[in-house]
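A.B. asks: One structure, as structure tokens, below. Some questions next.
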Number of protein chains: 2
Amino acid sequence: MIPQFIEHIGIAVNSLEESIPYYENVLGLKCYAVEEVTDQKVKTAFFKVGQTKIELLEATSPDSPIAKFIEKKGPGVHHMAFAVENLEQQLETIAQKGVQLIDQTPRKGAEGLHIAFLHPKSTLGVLTELCENKSK
Amino acid sequence: MIPQFIEHIGIAVNSLEESIPYYENVLGLKCYAVEEVTDQKVKTAFFKVGQTKIELLEATSPDSPIAKFIEKKGPGVHHMAFAVENLEQQLETIAQKGVQLIDQTPRKGAEGLHIAFLHPKSTLGVLTELCENKSK
């Protein structure tokens, strides 16, 4: 597959309001967007550092995947996302290699990207997302 | 501070031997170095994707920080490292902002970088490393 770069790092936080000041005032990054993804029950805040985005994730409901993650592991890195080309074909190839897919086919993610998640059981415990930017 | 890019992502794994094939055969990345860091009681394997390295970490002793991390949280992302300039000065500045430092002054890390860790209590649960490449 050979991913091109790390598209983003998803970080589970208890509260965007309490977390954005750390990224802005301590790390000096600028929050350039806040977006609610209703079907995932999360609110997200985006920062950019080099090629990579940092995506903070706050649960909007107790049954959000982010709420469950924090309950189990505490706040911290939730997933890692790679930028790839030909996502649909990549999913087929890695499924043939025995990787368990959460999304069998690409779906629409934040910022208009086509995305698919791989199951952490197949990715050594790291929830992994593949992203394709078809508008490029 | 404004970090330049994500220098690496440190990932705790049970076994390098079992993990390297996933990164090479499924993701298509190439392991370009394996290094033992005796004072941290870890063996590391390095891959590069875009600007960022992926650093797999295997404990070499049951009292390694990586063994303790896996016992508590399971295998997964252990830390996130930013490339910065003027590391010594950055540490002073962020300590003045109330961030708890694990390393008060830079020390030598893998690949000859000067590094310092910030405490996850001050970084929203994400163990955070700052790295300076003085040879550039």
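Residue names in the structure tokens use chain letters A, B, ... in the order shown, residue numbers from 1 in each chain, and ligand numbers from 1 in the order shown.
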Could you work out which residues of chain B fall inside 9 Å of chain A? Count only C-alpha atoms, and format the result as a PyMOL selection string.
C.D. replies: chain B and resi 1-6+11-14+19+22-23+25-29+48-52+72-80+82+93-94+97+99+120+122-127
A.B. asks: Mind fitting chain B to chain A by least squares on all Cα atoms in order and giving back the moved coordinates as an mmCIF file with N, CA and C atoms, in the first residue's frame?
C.D. replies:
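Just written: part.cif:
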```cif
data_model
loop_
_atom_site.group_PDB
_atom_site.id
_atom_site.type_symbol
_atom_site.label_atom_id
_atom_site.label_comp_id
_atom_site.auth_asym_id
_atom_site.auth_seq_id
_atom_site.Cartn_x
_atom_site.Cartn_y
_atom_site.Cartn_z
ATOM 1 N N MET B 1 0.847 -1.233 0.030
ATOM 2 C CA MET B 1 0.023 -0.018 0.008
ATOM 3 C C MET B 1 0.900 1.240 0.005
ATOM 4 N N ILE B 2 1.851 1.321 0.919
ATOM 5 C CA ILE B 2 2.740 2.475 1.072
ATOM 6 C C ILE B 2 1.948 3.784 1.279
ATOM 7 N N PRO B 3 1.540 4.048 2.526
ATOM 8 C CA PRO B 3 0.853 5.315 2.806
ATOM 9 C C PRO B 3 1.779 6.492 2.522
ATOM 10 N N GLN B 4 1.191 7.635 2.156
ATOM 11 C CA GLN B 4 1.997 8.787 1.761
ATOM 12 C C GLN B 4 2.523 9.570 2.959
ATOM 13 N N PHE B 5 1.664 9.713 3.959
ATOM 14 C CA PHE B 5 2.066 10.417 5.192
ATOM 15 C C PHE B 5 0.997 10.171 6.244
ATOM 16 N N ILE B 6 1.269 10.620 7.472
ATOM 17 C CA ILE B 6 0.248 10.481 8.512
ATOM 18 C C ILE B 6 -0.715 11.652 8.351
ATOM 19 N N GLU B 7 -1.936 11.332 7.953
ATOM 20 C CA GLU B 7 -2.922 12.373 7.656
ATOM 21 C C GLU B 7 -3.351 13.066 8.938
ATOM 22 N N HIS B 8 -3.683 12.270 9.939
ATOM 23 C CA HIS B 8 -3.978 12.865 11.257
ATOM 24 C C HIS B 8 -3.800 11.869 12.385
ATOM 25 N N ILE B 9 -3.740 12.448 13.588
ATOM 26 C CA ILE B 9 -3.735 11.668 14.824
ATOM 27 C C ILE B 9 -5.001 12.074 15.566
ATOM 28 N N GLY B 10 -5.843 11.106 15.883
ATOM 29 C CA GLY B 10 -7.081 11.377 16.613
ATOM 30 C C GLY B 10 -6.854 11.195 18.109
ATOM 31 N N ILE B 11 -7.188 12.213 18.888
ATOM 32 C CA ILE B 11 -6.912 12.187 20.327
ATOM 33 C C ILE B 11 -8.217 12.374 21.105
ATOM 34 N N ALA B 12 -8.524 11.405 21.966
ATOM 35 C CA ALA B 12 -9.740 11.475 22.793
ATOM 36 C C ALA B 12 -9.506 12.412 23.966
ATOM 37 N N VAL B 13 -10.367 13.405 24.119
ATOM 38 C CA VAL B 13 -10.250 14.352 25.243
ATOM 39 C C VAL B 13 -11.598 14.419 25.976
ATOM 40 N N ASN B 14 -11.518 14.819 27.236
ATOM 41 C CA ASN B 14 -12.758 14.972 28.004
ATOM 42 C C ASN B 14 -13.553 16.180 27.532
ATOM 43 N N SER B 15 -12.834 17.231 27.143
ATOM 44 C CA SER B 15 -13.513 18.478 26.814
ATOM 45 C C SER B 15 -12.688 19.277 25.818
ATOM 46 N N LEU B 16 -13.282 19.639 24.685
ATOM 47 C CA LEU B 16 -12.560 20.492 23.719
ATOM 48 C C LEU B 16 -12.219 21.831 24.359
ATOM 49 N N GLU B 17 -13.187 22.349 25.111
ATOM 50 C CA GLU B 17 -13.021 23.678 25.703
ATOM 51 C C GLU B 17 -11.792 23.744 26.617
ATOM 52 N N GLU B 18 -11.542 22.627 27.343
ATOM 53 C CA GLU B 18 -10.384 22.603 28.246
ATOM 54 C C GLU B 18 -9.107 22.212 27.509
ATOM 55 N N SER B 19 -9.234 21.599 26.330
ATOM 56 C CA SER B 19 -8.062 21.043 25.647
ATOM 57 C C SER B 19 -7.475 21.992 24.608
ATOM 58 N N ILE B 20 -8.335 22.742 23.940
ATOM 59 C CA ILE B 20 -7.844 23.639 22.889
ATOM 60 C C ILE B 20 -6.805 24.623 23.437
ATOM 61 N N PRO B 21 -6.997 25.196 24.640
ATOM 62 C CA PRO B 21 -5.978 26.132 25.146
ATOM 63 C C PRO B 21 -4.587 25.502 25.300
ATOM 64 N N TYR B 22 -4.508 24.202 25.666
ATOM 65 C CA TYR B 22 -3.189 23.564 25.755
ATOM 66 C C TYR B 22 -2.525 23.547 24.378
ATOM 67 N N TYR B 23 -3.260 23.102 23.363
ATOM 68 C CA TYR B 23 -2.662 23.017 22.021
ATOM 69 C C TYR B 23 -2.312 24.401 21.469
ATOM 70 N N GLU B 24 -3.128 25.400 21.802
ATOM 71 C CA GLU B 24 -2.851 26.749 21.280
ATOM 72 C C GLU B 24 -1.775 27.469 22.099
ATOM 73 N N ASN B 25 -1.913 27.464 23.415
ATOM 74 C CA ASN B 25 -1.040 28.307 24.246
ATOM 75 C C ASN B 25 0.281 27.643 24.597
ATOM 76 N N VAL B 26 0.277 26.316 24.773
ATOM 77 C CA VAL B 26 1.533 25.642 25.121
ATOM 78 C C VAL B 26 2.261 25.211 23.843
ATOM 79 N N LEU B 27 1.566 24.478 22.968
ATOM 80 C CA LEU B 27 2.242 23.986 21.752
ATOM 81 C C LEU B 27 2.307 25.043 20.647
ATOM 82 N N GLY B 28 1.444 26.051 20.734
ATOM 83 C CA GLY B 28 1.518 27.131 19.740
ATOM 84 C C GLY B 28 0.849 26.797 18.422
ATOM 85 N N LEU B 29 0.002 25.749 18.411
ATOM 86 C CA LEU B 29 -0.735 25.400 17.189
ATOM 87 C C LEU B 29 -2.037 26.198 17.149
ATOM 88 N N LYS B 30 -2.619 26.300 15.962
ATOM 89 C CA LYS B 30 -3.838 27.091 15.829
ATOM 90 C C LYS B 30 -5.025 26.179 15.504
ATOM 91 N N CYS B 31 -6.073 26.276 16.293
ATOM 92 C CA CYS B 31 -7.291 25.514 15.988
ATOM 93 C C CYS B 31 -7.975 26.188 14.808
ATOM 94 N N TYR B 32 -8.019 25.479 13.647
ATOM 95 C CA TYR B 32 -8.553 26.125 12.444
ATOM 96 C C TYR B 32 -9.971 25.679 12.124
ATOM 97 N N ALA B 33 -10.492 24.682 12.858
ATOM 98 C CA ALA B 33 -11.880 24.255 12.608
ATOM 99 C C ALA B 33 -12.407 23.465 13.790
ATOM 100 N N VAL B 34 -13.691 23.640 14.060
ATOM 101 C CA VAL B 34 -14.402 22.799 15.019
ATOM 102 C C VAL B 34 -15.616 22.270 14.274
ATOM 103 N N GLU B 35 -15.838 20.966 14.364
ATOM 104 C CA GLU B 35 -16.868 20.324 13.546
ATOM 105 C C GLU B 35 -17.565 19.268 14.399
ATOM 106 N N GLU B 36 -18.886 19.162 14.283
ATOM 107 C CA GLU B 36 -19.581 18.074 14.972
ATOM 108 C C GLU B 36 -19.899 16.975 13.968
ATOM 109 N N VAL B 37 -19.539 15.723 14.314
ATOM 110 C CA VAL B 37 -19.846 14.587 13.437
ATOM 111 C C VAL B 37 -20.933 13.797 14.160
ATOM 112 N N THR B 38 -22.191 14.072 13.785
ATOM 113 C CA THR B 38 -23.314 13.558 14.586
ATOM 114 C C THR B 38 -23.382 12.033 14.568
ATOM 115 N N ASP B 39 -23.095 11.387 13.431
ATOM 116 C CA ASP B 39 -23.241 9.917 13.427
ATOM 117 C C ASP B 39 -22.159 9.228 14.259
ATOM 118 N N GLN B 40 -21.052 9.907 14.527
ATOM 119 C CA GLN B 40 -20.024 9.345 15.411
ATOM 120 C C GLN B 40 -20.174 9.860 16.850
ATOM 121 N N LYS B 41 -21.142 10.755 17.060
ATOM 122 C CA LYS B 41 -21.378 11.334 18.394
ATOM 123 C C LYS B 41 -20.115 11.970 18.981
ATOM 124 N N VAL B 42 -19.463 12.773 18.136
ATOM 125 C CA VAL B 42 -18.266 13.494 18.583
ATOM 126 C C VAL B 42 -18.270 14.932 18.076
ATOM 127 N N LYS B 43 -17.569 15.770 18.842
ATOM 128 C CA LYS B 43 -17.198 17.106 18.377
ATOM 129 C C LYS B 43 -15.698 17.082 18.190
ATOM 130 N N THR B 44 -15.229 17.662 17.076
ATOM 131 C CA THR B 44 -13.796 17.590 16.785
ATOM 132 C C THR B 44 -13.205 18.996 16.651
ATOM 133 N N ALA B 45 -11.941 19.118 17.000
ATOM 134 C CA ALA B 45 -11.196 20.369 16.788
ATOM 135 C C ALA B 45 -9.918 20.008 16.047
ATOM 136 N N PHE B 46 -9.581 20.781 15.017
ATOM 137 C CA PHE B 46 -8.447 20.467 14.146
ATOM 138 C C PHE B 46 -7.303 21.472 14.285
ATOM 139 N N PHE B 47 -6.100 20.920 14.255
ATOM 140 C CA PHE B 47 -4.848 21.683 14.265
ATOM 141 C C PHE B 47 -3.966 21.072 13.181
ATOM 142 N N LYS B 48 -2.987 21.834 12.703
ATOM 143 C CA LYS B 48 -2.076 21.279 11.692
ATOM 144 C C LYS B 48 -0.644 21.441 12.181
ATOM 145 N N VAL B 49 0.136 20.370 12.046
ATOM 146 C CA VAL B 49 1.562 20.460 12.373
ATOM 147 C C VAL B 49 2.325 19.701 11.289
ATOM 148 N N GLY B 50 3.064 20.438 10.469
ATOM 149 C CA GLY B 50 3.716 19.827 9.306
ATOM 150 C C GLY B 50 2.655 19.241 8.385
ATOM 151 N N GLN B 51 2.867 17.996 7.935
ATOM 152 C CA GLN B 51 1.914 17.347 7.017
ATOM 153 C C GLN B 51 0.666 16.835 7.728
ATOM 154 N N THR B 52 0.709 16.828 9.048
ATOM 155 C CA THR B 52 -0.260 16.043 9.824
ATOM 156 C C THR B 52 -1.225 16.931 10.579
ATOM 157 N N LYS B 53 -2.492 16.482 10.657
ATOM 158 C CA LYS B 53 -3.460 17.176 11.498
ATOM 159 C C LYS B 53 -3.555 16.493 12.849
ATOM 160 N N ILE B 54 -3.840 17.263 13.858
ATOM 161 C CA ILE B 54 -4.228 16.714 15.151
ATOM 162 C C ILE B 54 -5.722 16.960 15.268
ATOM 163 N N GLU B 55 -6.464 15.888 15.551
ATOM 164 C CA GLU B 55 -7.920 15.949 15.620
ATOM 165 C C GLU B 55 -8.327 15.593 17.044
ATOM 166 N N LEU B 56 -8.733 16.608 17.815
ATOM 167 C CA LEU B 56 -9.213 16.327 19.172
ATOM 168 C C LEU B 56 -10.664 15.865 19.086
ATOM 169 N N LEU B 57 -11.014 14.878 19.885
ATOM 170 C CA LEU B 57 -12.345 14.266 19.819
ATOM 171 C C LEU B 57 -13.004 14.298 21.191
ATOM 172 N N GLU B 58 -14.135 14.950 21.271
ATOM 173 C CA GLU B 58 -14.912 14.971 22.519
ATOM 174 C C GLU B 58 -16.239 14.252 22.278
ATOM 175 N N ALA B 59 -16.615 13.356 23.174
ATOM 176 C CA ALA B 59 -17.899 12.644 23.048
ATOM 177 C C ALA B 59 -19.049 13.617 23.264
ATOM 178 N N THR B 60 -20.113 13.449 22.469
ATOM 179 C CA THR B 60 -21.308 14.278 22.681
ATOM 180 C C THR B 60 -22.425 13.463 23.340
ATOM 181 N N SER B 61 -22.118 12.199 23.642
ATOM 182 C CA SER B 61 -23.115 11.320 24.271
ATOM 183 C C SER B 61 -22.361 10.226 25.034
ATOM 184 N N PRO B 62 -22.936 9.707 26.134
ATOM 185 C CA PRO B 62 -22.234 8.655 26.899
ATOM 186 C C PRO B 62 -22.016 7.374 26.094
ATOM 187 N N ASP B 63 -22.797 7.150 25.004
ATOM 188 C CA ASP B 63 -22.567 5.942 24.204
ATOM 189 C C ASP B 63 -21.741 6.230 22.949
ATOM 190 N N SER B 64 -21.073 7.362 22.931
ATOM 191 C CA SER B 64 -20.128 7.666 21.847
ATOM 192 C C SER B 64 -18.912 6.742 21.960
ATOM 193 N N PRO B 65 -18.340 6.317 20.825
ATOM 194 C CA PRO B 65 -17.108 5.499 20.893
ATOM 195 C C PRO B 65 -16.004 6.192 21.703
ATOM 196 N N ILE B 66 -15.983 7.514 21.673
ATOM 197 C CA ILE B 66 -14.947 8.248 22.416
ATOM 198 C C ILE B 66 -15.187 8.159 23.924
ATOM 199 N N ALA B 67 -16.442 8.220 24.344
ATOM 200 C CA ALA B 67 -16.756 8.079 25.775
ATOM 201 C C ALA B 67 -16.331 6.693 26.257
ATOM 202 N N LYS B 68 -16.588 5.675 25.422
ATOM 203 C CA LYS B 68 -16.223 4.303 25.811
ATOM 204 C C LYS B 68 -14.706 4.129 25.868
ATOM 205 N N PHE B 69 -14.018 4.744 24.918
ATOM 206 C CA PHE B 69 -12.546 4.680 24.900
ATOM 207 C C PHE B 69 -11.970 5.298 26.175
ATOM 208 N N ILE B 70 -12.470 6.486 26.531
ATOM 209 C CA ILE B 70 -11.942 7.184 27.717
ATOM 210 C C ILE B 70 -12.259 6.393 28.994
ATOM 211 N N GLU B 71 -13.448 5.795 29.029
ATOM 212 C CA GLU B 71 -13.819 4.995 30.202
ATOM 213 C C GLU B 71 -12.831 3.840 30.394
ATOM 214 N N LYS B 72 -12.413 3.252 29.278
ATOM 215 C CA LYS B 72 -11.540 2.067 29.343
ATOM 216 C C LYS B 72 -10.070 2.433 29.532
ATOM 217 N N LYS B 73 -9.616 3.443 28.770
ATOM 218 C CA LYS B 73 -8.165 3.704 28.717
ATOM 219 C C LYS B 73 -7.763 5.086 29.221
ATOM 220 N N GLY B 74 -8.732 5.945 29.445
ATOM 221 C CA GLY B 74 -8.402 7.325 29.796
ATOM 222 C C GLY B 74 -8.189 8.151 28.546
ATOM 223 N N PRO B 75 -8.109 9.487 28.680
ATOM 224 C CA PRO B 75 -7.866 10.344 27.510
ATOM 225 C C PRO B 75 -6.501 10.010 26.903
ATOM 226 N N GLY B 76 -6.388 10.152 25.589
ATOM 227 C CA GLY B 76 -5.104 9.880 24.932
ATOM 228 C C GLY B 76 -5.322 9.599 23.460
ATOM 229 N N VAL B 77 -4.275 9.098 22.804
ATOM 230 C CA VAL B 77 -4.362 8.876 21.352
ATOM 231 C C VAL B 77 -5.390 7.781 21.067
ATOM 232 N N HIS B 78 -6.361 8.096 20.229
ATOM 233 C CA HIS B 78 -7.467 7.194 19.927
ATOM 234 C C HIS B 78 -7.246 6.450 18.603
ATOM 235 N N HIS B 79 -6.725 7.148 17.596
ATOM 236 C CA HIS B 79 -6.449 6.466 16.333
ATOM 237 C C HIS B 79 -5.395 7.208 15.520
ATOM 238 N N MET B 80 -4.869 6.490 14.533
ATOM 239 C CA MET B 80 -3.816 7.033 13.667
ATOM 240 C C MET B 80 -4.318 6.861 12.238
ATOM 241 N N ALA B 81 -4.214 7.917 11.427
ATOM 242 C CA ALA B 81 -4.781 7.873 10.073
ATOM 243 C C ALA B 81 -3.699 8.128 9.030
ATOM 244 N N PHE B 82 -3.652 7.241 8.039
ATOM 245 C CA PHE B 82 -2.686 7.369 6.952
ATOM 246 C C PHE B 82 -3.366 7.887 5.692
ATOM 247 N N ALA B 83 -2.673 8.761 4.973
ATOM 248 C CA ALA B 83 -3.142 9.202 3.652
ATOM 249 C C ALA B 83 -2.714 8.157 2.625
ATOM 250 N N VAL B 84 -3.676 7.691 1.831
ATOM 251 C CA VAL B 84 -3.378 6.696 0.793
ATOM 252 C C VAL B 84 -4.054 7.098 -0.520
ATOM 253 N N GLU B 85 -3.640 6.457 -1.583
ATOM 254 C CA GLU B 85 -4.332 6.592 -2.872
ATOM 255 C C GLU B 85 -5.087 5.293 -3.146
ATOM 256 N N ASN B 86 -6.103 5.363 -4.003
ATOM 257 C CA ASN B 86 -6.866 4.163 -4.399
ATOM 258 C C ASN B 86 -7.380 3.377 -3.195
ATOM 259 N N LEU B 87 -8.066 4.066 -2.305
ATOM 260 C CA LEU B 87 -8.482 3.452 -1.038
ATOM 261 C C LEU B 87 -9.283 2.165 -1.248
ATOM 262 N N GLU B 88 -10.223 2.197 -2.190
ATOM 263 C CA GLU B 88 -11.090 1.024 -2.383
ATOM 264 C C GLU B 88 -10.257 -0.232 -2.691
ATOM 265 N N GLN B 89 -9.295 -0.043 -3.579
ATOM 266 C CA GLN B 89 -8.433 -1.168 -3.966
ATOM 267 C C GLN B 89 -7.528 -1.610 -2.802
ATOM 268 N N GLN B 90 -7.040 -0.629 -2.032
ATOM 269 C CA GLN B 90 -6.185 -0.960 -0.874
ATOM 270 C C GLN B 90 -6.946 -1.822 0.128
ATOM 271 N N LEU B 91 -8.239 -1.487 0.339
ATOM 272 C CA LEU B 91 -9.032 -2.250 1.304
ATOM 273 C C LEU B 91 -9.162 -3.702 0.861
ATOM 274 N N GLU B 92 -9.406 -3.903 -0.432
ATOM 275 C CA GLU B 92 -9.496 -5.283 -0.955
ATOM 276 C C GLU B 92 -8.198 -6.038 -0.708
ATOM 277 N N THR B 93 -7.090 -5.365 -1.021
ATOM 278 C CA THR B 93 -5.781 -6.027 -0.902
ATOM 279 C C THR B 93 -5.492 -6.416 0.542
ATOM 280 N N ILE B 94 -5.724 -5.493 1.480
ATOM 281 C CA ILE B 94 -5.350 -5.823 2.861
ATOM 282 C C ILE B 94 -6.351 -6.797 3.487
ATOM 283 N N ALA B 95 -7.608 -6.781 3.014
ATOM 284 C CA ALA B 95 -8.569 -7.787 3.499
ATOM 285 C C ALA B 95 -8.097 -9.179 3.063
ATOM 286 N N GLN B 96 -7.569 -9.265 1.833
ATOM 287 C CA GLN B 96 -7.031 -10.548 1.349
ATOM 288 C C GLN B 96 -5.832 -11.007 2.181
ATOM 289 N N LYS B 97 -5.149 -10.030 2.800
ATOM 290 C CA LYS B 97 -4.000 -10.385 3.654
ATOM 291 C C LYS B 97 -4.454 -10.748 5.069
ATOM 292 N N GLY B 98 -5.770 -10.773 5.296
ATOM 293 C CA GLY B 98 -6.277 -11.220 6.596
ATOM 294 C C GLY B 98 -6.577 -10.107 7.580
ATOM 295 N N VAL B 99 -6.449 -8.839 7.152
ATOM 296 C CA VAL B 99 -6.743 -7.720 8.055
ATOM 297 C C VAL B 99 -8.265 -7.564 8.178
ATOM 298 N N GLN B 100 -8.734 -7.441 9.412
ATOM 299 C CA GLN B 100 -10.170 -7.262 9.661
ATOM 300 C C GLN B 100 -10.543 -5.797 9.444
ATOM 301 N N LEU B 101 -11.512 -5.542 8.567
ATOM 302 C CA LEU B 101 -11.920 -4.166 8.257
ATOM 303 C C LEU B 101 -13.144 -3.785 9.085
ATOM 304 N N ILE B 102 -13.170 -2.568 9.596
ATOM 305 C CA ILE B 102 -14.394 -2.049 10.216
ATOM 306 C C ILE B 102 -15.317 -1.549 9.104
ATOM 307 N N ASP B 103 -14.741 -0.844 8.145
ATOM 308 C CA ASP B 103 -15.501 -0.378 6.969
ATOM 309 C C ASP B 103 -15.064 -1.195 5.752
ATOM 310 N N GLN B 104 -16.007 -1.943 5.185
ATOM 311 C CA GLN B 104 -15.666 -2.796 4.030
ATOM 312 C C GLN B 104 -15.405 -1.950 2.791
ATOM 313 N N THR B 105 -16.067 -0.811 2.720
ATOM 314 C CA THR B 105 -15.874 0.101 1.589
ATOM 315 C C THR B 105 -15.728 1.517 2.156
ATOM 316 N N PRO B 106 -15.119 2.434 1.385
ATOM 317 C CA PRO B 106 -14.905 3.790 1.893
ATOM 318 C C PRO B 106 -16.219 4.496 2.211
ATOM 319 N N ARG B 107 -16.186 5.356 3.224
ATOM 320 C CA ARG B 107 -17.329 6.219 3.528
ATOM 321 C C ARG B 107 -16.814 7.648 3.690
ATOM 322 N N LYS B 108 -17.738 8.595 3.747
ATOM 323 C CA LYS B 108 -17.349 10.001 3.872
ATOM 324 C C LYS B 108 -16.945 10.316 5.311
ATOM 325 N N GLY B 109 -15.796 10.948 5.484
ATOM 326 C CA GLY B 109 -15.343 11.369 6.811
ATOM 327 C C GLY B 109 -15.313 12.879 6.910
ATOM 328 N N ALA B 110 -14.683 13.389 7.963
ATOM 329 C CA ALA B 110 -14.557 14.833 8.146
ATOM 330 C C ALA B 110 -13.764 15.430 6.993
ATOM 331 N N GLU B 111 -14.008 16.691 6.715
ATOM 332 C CA GLU B 111 -13.282 17.451 5.695
ATOM 333 C C GLU B 111 -13.406 16.856 4.288
ATOM 334 N N GLY B 112 -14.491 16.085 4.044
ATOM 335 C CA GLY B 112 -14.743 15.563 2.700
ATOM 336 C C GLY B 112 -13.850 14.413 2.270
ATOM 337 N N LEU B 113 -13.049 13.878 3.191
ATOM 338 C CA LEU B 113 -12.184 12.749 2.823
ATOM 339 C C LEU B 113 -12.993 11.462 2.710
ATOM 340 N N HIS B 114 -12.502 10.535 1.896
ATOM 341 C CA HIS B 114 -13.038 9.177 1.884
ATOM 342 C C HIS B 114 -12.207 8.367 2.873
ATOM 343 N N ILE B 115 -12.872 7.690 3.783
ATOM 344 C CA ILE B 115 -12.131 7.035 4.876
ATOM 345 C C ILE B 115 -12.610 5.611 5.094
ATOM 346 N N ALA B 116 -11.758 4.828 5.758
ATOM 347 C CA ALA B 116 -12.152 3.489 6.218
ATOM 348 C C ALA B 116 -11.284 3.141 7.417
ATOM 349 N N PHE B 117 -11.888 2.474 8.398
ATOM 350 C CA PHE B 117 -11.153 2.063 9.599
ATOM 351 C C PHE B 117 -10.809 0.578 9.525
ATOM 352 N N LEU B 118 -9.612 0.253 10.024
ATOM 353 C CA LEU B 118 -9.181 -1.138 10.170
ATOM 354 C C LEU B 118 -9.334 -1.511 11.648
ATOM 355 N N HIS B 119 -9.647 -2.752 11.917
ATOM 356 C CA HIS B 119 -9.898 -3.161 13.300
ATOM 357 C C HIS B 119 -8.587 -3.262 14.087
ATOM 358 N N PRO B 120 -8.564 -2.705 15.311
ATOM 359 C CA PRO B 120 -7.323 -2.762 16.103
ATOM 360 C C PRO B 120 -6.836 -4.174 16.407
ATOM 361 N N LYS B 121 -7.739 -5.159 16.308
ATOM 362 C CA LYS B 121 -7.292 -6.558 16.495
ATOM 363 C C LYS B 121 -6.297 -6.957 15.414
ATOM 364 N N SER B 122 -6.419 -6.333 14.238
ATOM 365 C CA SER B 122 -5.538 -6.679 13.114
ATOM 366 C C SER B 122 -4.368 -5.710 12.992
ATOM 367 N N THR B 123 -4.339 -4.654 13.812
ATOM 368 C CA THR B 123 -3.332 -3.600 13.622
ATOM 369 C C THR B 123 -2.547 -3.365 14.914
ATOM 370 N N LEU B 124 -2.350 -4.435 15.663
ATOM 371 C CA LEU B 124 -1.507 -4.406 16.868
ATOM 372 C C LEU B 124 -2.010 -3.399 17.906
ATOM 373 N N GLY B 125 -3.329 -3.295 18.021
ATOM 374 C CA GLY B 125 -3.910 -2.469 19.079
ATOM 375 C C GLY B 125 -4.094 -1.004 18.722
ATOM 376 N N VAL B 126 -3.613 -0.610 17.534
ATOM 377 C CA VAL B 126 -3.741 0.795 17.126
ATOM 378 C C VAL B 126 -4.919 0.913 16.156
ATOM 379 N N LEU B 127 -6.014 1.516 16.606
ATOM 380 C CA LEU B 127 -7.130 1.752 15.687
ATOM 381 C C LEU B 127 -6.589 2.591 14.524
ATOM 382 N N THR B 128 -6.738 2.077 13.297
ATOM 383 C CA THR B 128 -6.062 2.672 12.144
ATOM 384 C C THR B 128 -7.083 3.066 11.084
ATOM 385 N N GLU B 129 -6.916 4.287 10.587
ATOM 386 C CA GLU B 129 -7.810 4.813 9.560
ATOM 387 C C GLU B 129 -6.998 5.029 8.286
ATOM 388 N N LEU B 130 -7.618 4.755 7.150
ATOM 389 C CA LEU B 130 -7.008 5.107 5.860
ATOM 390 C C LEU B 130 -7.868 6.203 5.251
ATOM 391 N N CYS B 131 -7.229 7.231 4.672
ATOM 392 C CA CYS B 131 -7.949 8.396 4.145
ATOM 393 C C CYS B 131 -7.501 8.657 2.719
ATOM 394 N N GLU B 132 -8.453 8.943 1.864
ATOM 395 C CA GLU B 132 -8.108 9.362 0.502
ATOM 396 C C GLU B 132 -8.757 10.720 0.227
ATOM 397 N N ASN B 133 -7.950 11.623 -0.279
ATOM 398 C CA ASN B 133 -8.452 12.939 -0.669
ATOM 399 C C ASN B 133 -8.681 12.924 -2.172
ATOM 400 N N LYS B 134 -9.936 12.726 -2.573
ATOM 401 C CA LYS B 134 -10.229 12.597 -4.009
ATOM 402 C C LYS B 134 -10.302 13.949 -4.706
ATOM 403 N N SER B 135 -10.281 15.023 -3.912
ATOM 404 C CA SER B 135 -10.402 16.349 -4.536
ATOM 405 C C SER B 135 -9.053 16.884 -5.000
ATOM 406 N N LYS B 136 -7.966 16.142 -4.677
ATOM 407 C CA LYS B 136 -6.626 16.609 -5.078
ATOM 408 C C LYS B 136 -6.396 16.382 -6.568
#
```
A.B. asks: Which of chain B end up as helix (DSSP H, G or I) when DSSP is run on this backbone - answer as a PyMOL selection string?
C.D. replies: chain B and resi 16-26+38-40+65-73+87-96+110-112
A.B. asks: Going by DSSP on the backbone, which residues of chain A come out as strand (DSSP E)? List them as a count of residues only.
C.D. replies: 49
